[in-house]
Amino acid sequence: MDSAFLITAFATLFVVIDPPGLVPLFIALTQGMDAEHRRRMARRACIIAAILLTLFGLMGEALLGFIGISMPAFRIAGGILLFLTALDMLFERRTQRREGQQADPDHDPSVFPLATPLIAGPGAIATMILLVGQSGPGWGGTLAVLGLLMAMMVATYLFLLASPPLERLLGRTGTIVITRLLGMLLAALSVQFVIDGVKGTGLIG
């Protein structure tokens, strides 16, 4: 494999998945959980995201084409799901049970929205499909791209594990402020996903 391609592929995955950017989101989505619960959430989210991205990397275009789903449609759907998460963050629907009350035992953000669409989102899925397509014939290039993906998932997991010290540094007020700001940013990002998806359909220029 060309080392330049591998470096470019790793940089692309890092930018698209953005492990440092996931840390404050992880803090906001797992607020009130103990350290062990957060580790389980982070591990489960990374494993699920790795499985999803591997599957789409190996047979993404064929799978979406078989069931009649285009990447623009997938981007629009991901944008809508992310917008719902942004609303929860803005209006504190995740934290309706305040101090002194038992946390909701059914609250599990590891699958949605952590694994997808935050880690394995439309951009990451499209990137995996593209990288596998550019890796050349044979299984050597494909396995190299999948190896880079696994390295990215390990890096993402390590970044998520660093969230408790960061939360202690920010404090309750700082976390609430960041949650609100990130809710706004997520809302804007979700709208951008929808716009990109609509552009991809050719309906607008």
# chains A, B, ... in the order shown; residues from 1 in each chain; ligands from 1
$ residues_around --residues "Ala151 of chain A" --least-positions-apart "5" --cutoff "9 Å" --atoms "only C-alpha atoms" --output "VMD selection string"
chain A and resid 10 146 156
$ atom_distance --atom1 "atom CA of Val177 of chain A" --atom2 "atom CA of Pro20 of chain A"
18.2 Å
$ closest_residue --among "A:Leu182, A:Tyr157, A:Val132, A:Gln192" --to "Leu53 of chain A" --atoms "only C-alpha atoms"
A:Val132
$ residues_around --residues "Leu161 of chain A" --least-positions-apart "4" --cutoff "9 Å" --atoms "only C-alpha atoms" --output "tab-separated table (two decimals) with C-alpha atoms, in the first residue's frame"
chain	number	residue	atom	x	y	z
A	23	VAL	CA	-15.70	14.60	24.09
A	35	ALA	CA	-17.45	6.39	35.50
A	38	ARG	CA	-19.66	5.88	30.93
A	39	ARG	CA	-16.90	3.41	30.06
A	42	ALA	CA	-18.09	4.56	25.24
A	156	THR	CA	-12.12	7.68	19.77
A	157	TYR	CA	-12.58	5.41	22.79
A	165	PRO	CA	-11.69	14.76	34.17
$ select_by_dssp --residues "segment 26-198 of chain A" --states "alpha helix (DSSP H)" --output "compact mmCIF listing (two decimals) with C-alpha atoms, in the first residue's frame"
# COMPACT_ATOMS: atom_id res chain seq x y z
CA PHE A 26 -20.21 12.59 25.27
CA ILE A 27 -20.19 14.61 28.50
CA ALA A 28 -23.54 16.17 27.63
CA LEU A 29 -25.17 12.88 26.61
CA ALA A 35 -17.45 6.39 35.50
CA GLU A 36 -18.08 2.66 34.94
CA HIS A 37 -21.38 3.33 33.18
CA ARG A 38 -19.66 5.88 30.93
CA ARG A 39 -16.90 3.41 30.06
CA ARG A 40 -19.52 0.87 29.04
CA MET A 41 -21.33 3.48 26.95
CA ALA A 42 -18.09 4.56 25.24
CA ARG A 43 -17.00 0.97 24.57
CA ARG A 44 -20.39 -0.07 23.22
CA ALA A 45 -20.68 3.02 21.02
CA CYS A 46 -17.23 2.49 19.50
CA ILE A 47 -17.82 -1.23 18.87
CA ILE A 48 -21.19 -0.59 17.22
CA ALA A 49 -19.78 2.27 15.15
CA ALA A 50 -16.84 0.09 14.05
CA ILE A 51 -19.20 -2.69 12.96
CA LEU A 52 -21.43 -0.28 11.04
CA LEU A 53 -18.53 1.46 9.29
CA THR A 54 -16.92 -1.88 8.43
CA LEU A 55 -20.14 -3.19 6.91
CA PHE A 56 -20.69 -0.04 4.89
CA GLY A 57 -17.06 0.02 3.81
CA LEU A 58 -17.29 -3.55 2.51
CA MET A 59 -20.72 -3.40 0.90
CA GLY A 60 -22.08 0.09 1.40
CA GLU A 61 -22.92 1.10 -2.14
CA ALA A 62 -24.32 -2.32 -2.97
CA LEU A 63 -26.40 -2.41 0.22
CA LEU A 64 -27.88 1.06 -0.18
CA GLY A 65 -28.52 0.47 -3.86
CA PHE A 66 -30.17 -2.89 -3.16
CA MET A 71 -26.47 8.63 0.02
CA PRO A 72 -28.30 11.98 -0.23
CA ALA A 73 -31.35 10.34 1.36
CA PHE A 74 -29.13 8.87 4.07
CA ARG A 75 -27.65 12.31 4.78
CA ILE A 76 -31.13 13.83 5.09
CA ALA A 77 -32.26 11.09 7.50
CA GLY A 78 -29.11 11.49 9.60
CA GLY A 79 -29.64 15.25 9.72
CA ILE A 80 -33.19 14.86 10.99
CA LEU A 81 -32.12 12.40 13.71
CA LEU A 82 -29.30 14.71 14.78
CA PHE A 83 -31.72 17.65 14.94
CA LEU A 84 -33.90 15.73 17.41
CA THR A 85 -30.83 15.19 19.59
CA ALA A 86 -30.05 18.91 19.39
CA LEU A 87 -33.56 19.72 20.63
CA ASP A 88 -33.06 17.41 23.61
CA MET A 89 -29.81 19.18 24.47
CA LEU A 90 -31.29 22.65 24.09
CA PHE A 91 -34.39 22.03 26.20
CA PRO A 122 -23.39 9.87 6.96
CA GLY A 123 -20.03 11.56 6.45
CA ALA A 124 -18.07 8.72 8.02
CA ILE A 125 -20.07 6.11 6.10
CA ALA A 126 -19.52 7.92 2.81
CA THR A 127 -15.82 8.29 3.65
CA MET A 128 -15.44 4.55 4.30
CA ILE A 129 -17.18 3.70 1.04
CA LEU A 130 -14.88 6.12 -0.82
CA LEU A 131 -11.66 4.94 0.85
CA VAL A 132 -12.37 1.26 0.23
CA GLY A 133 -13.15 2.13 -3.39
CA GLN A 134 -9.81 3.95 -3.72
CA TRP A 139 -8.07 -7.44 -0.23
CA GLY A 140 -4.75 -5.86 0.80
CA GLY A 141 -5.91 -2.28 0.43
CA THR A 142 -9.33 -3.01 1.92
CA LEU A 143 -7.79 -4.62 5.01
CA ALA A 144 -5.42 -1.66 5.38
CA VAL A 145 -8.37 0.79 5.36
CA LEU A 146 -10.23 -1.37 7.87
CA GLY A 147 -7.12 -1.43 10.06
CA LEU A 148 -7.03 2.37 9.99
CA LEU A 149 -10.71 2.39 10.98
CA MET A 150 -9.99 0.16 13.99
CA ALA A 151 -7.16 2.49 15.02
CA MET A 152 -9.56 5.43 14.79
CA MET A 153 -12.10 3.63 16.97
CA VAL A 154 -9.43 2.99 19.62
CA ALA A 155 -8.45 6.67 19.48
CA THR A 156 -12.12 7.68 19.77
CA TYR A 157 -12.58 5.41 22.79
CA LEU A 158 -9.54 6.93 24.50
CA PHE A 159 -10.85 10.44 23.87
CA LEU A 160 -14.22 9.49 25.35
CA LEU A 161 -12.53 8.02 28.42
CA SER A 163 -14.34 13.03 29.45
CA PRO A 164 -14.75 12.62 33.27
CA PRO A 165 -11.69 14.76 34.17
CA LEU A 166 -12.86 17.34 31.68
CA GLU A 167 -16.32 17.37 33.23
CA ARG A 168 -14.83 17.88 36.70
CA LEU A 169 -12.82 20.77 35.32
CA LEU A 170 -15.89 22.40 33.78
CA GLY A 171 -18.24 21.86 36.72
CA ARG A 172 -22.03 21.69 36.57
CA THR A 173 -22.52 25.24 35.30
CA GLY A 174 -19.86 24.90 32.63
CA THR A 175 -21.34 21.62 31.46
CA ILE A 176 -24.83 23.16 31.18
CA VAL A 177 -23.47 26.11 29.18
CA ILE A 178 -21.55 23.79 26.85
CA THR A 179 -24.61 21.58 26.46
CA ARG A 180 -26.66 24.57 25.29
CA LEU A 181 -23.95 25.77 22.90
CA LEU A 182 -23.43 22.29 21.49
CA GLY A 183 -27.17 21.94 21.06
CA MET A 184 -27.12 25.00 18.82
CA LEU A 185 -24.09 23.71 16.92
CA LEU A 186 -25.69 20.29 16.50
CA ALA A 187 -28.88 21.90 15.22
CA ALA A 188 -26.86 23.84 12.64
CA LEU A 189 -24.87 20.72 11.72
CA SER A 190 -28.04 18.69 11.27
CA VAL A 191 -29.50 21.35 8.98
CA GLN A 192 -26.27 21.28 6.98
CA PHE A 193 -26.62 17.49 6.62
CA VAL A 194 -30.12 17.98 5.25
CA ILE A 195 -28.97 20.75 2.88
CA ASP A 196 -26.10 18.57 1.60
CA GLY A 197 -28.52 15.70 1.11
CA VAL A 198 -30.98 17.86 -0.83
$ atom_distance --atom1 "atom CA of Pro117 of chain A" --atom2 "atom CA of Gly32 of chain A"
22.2 Å
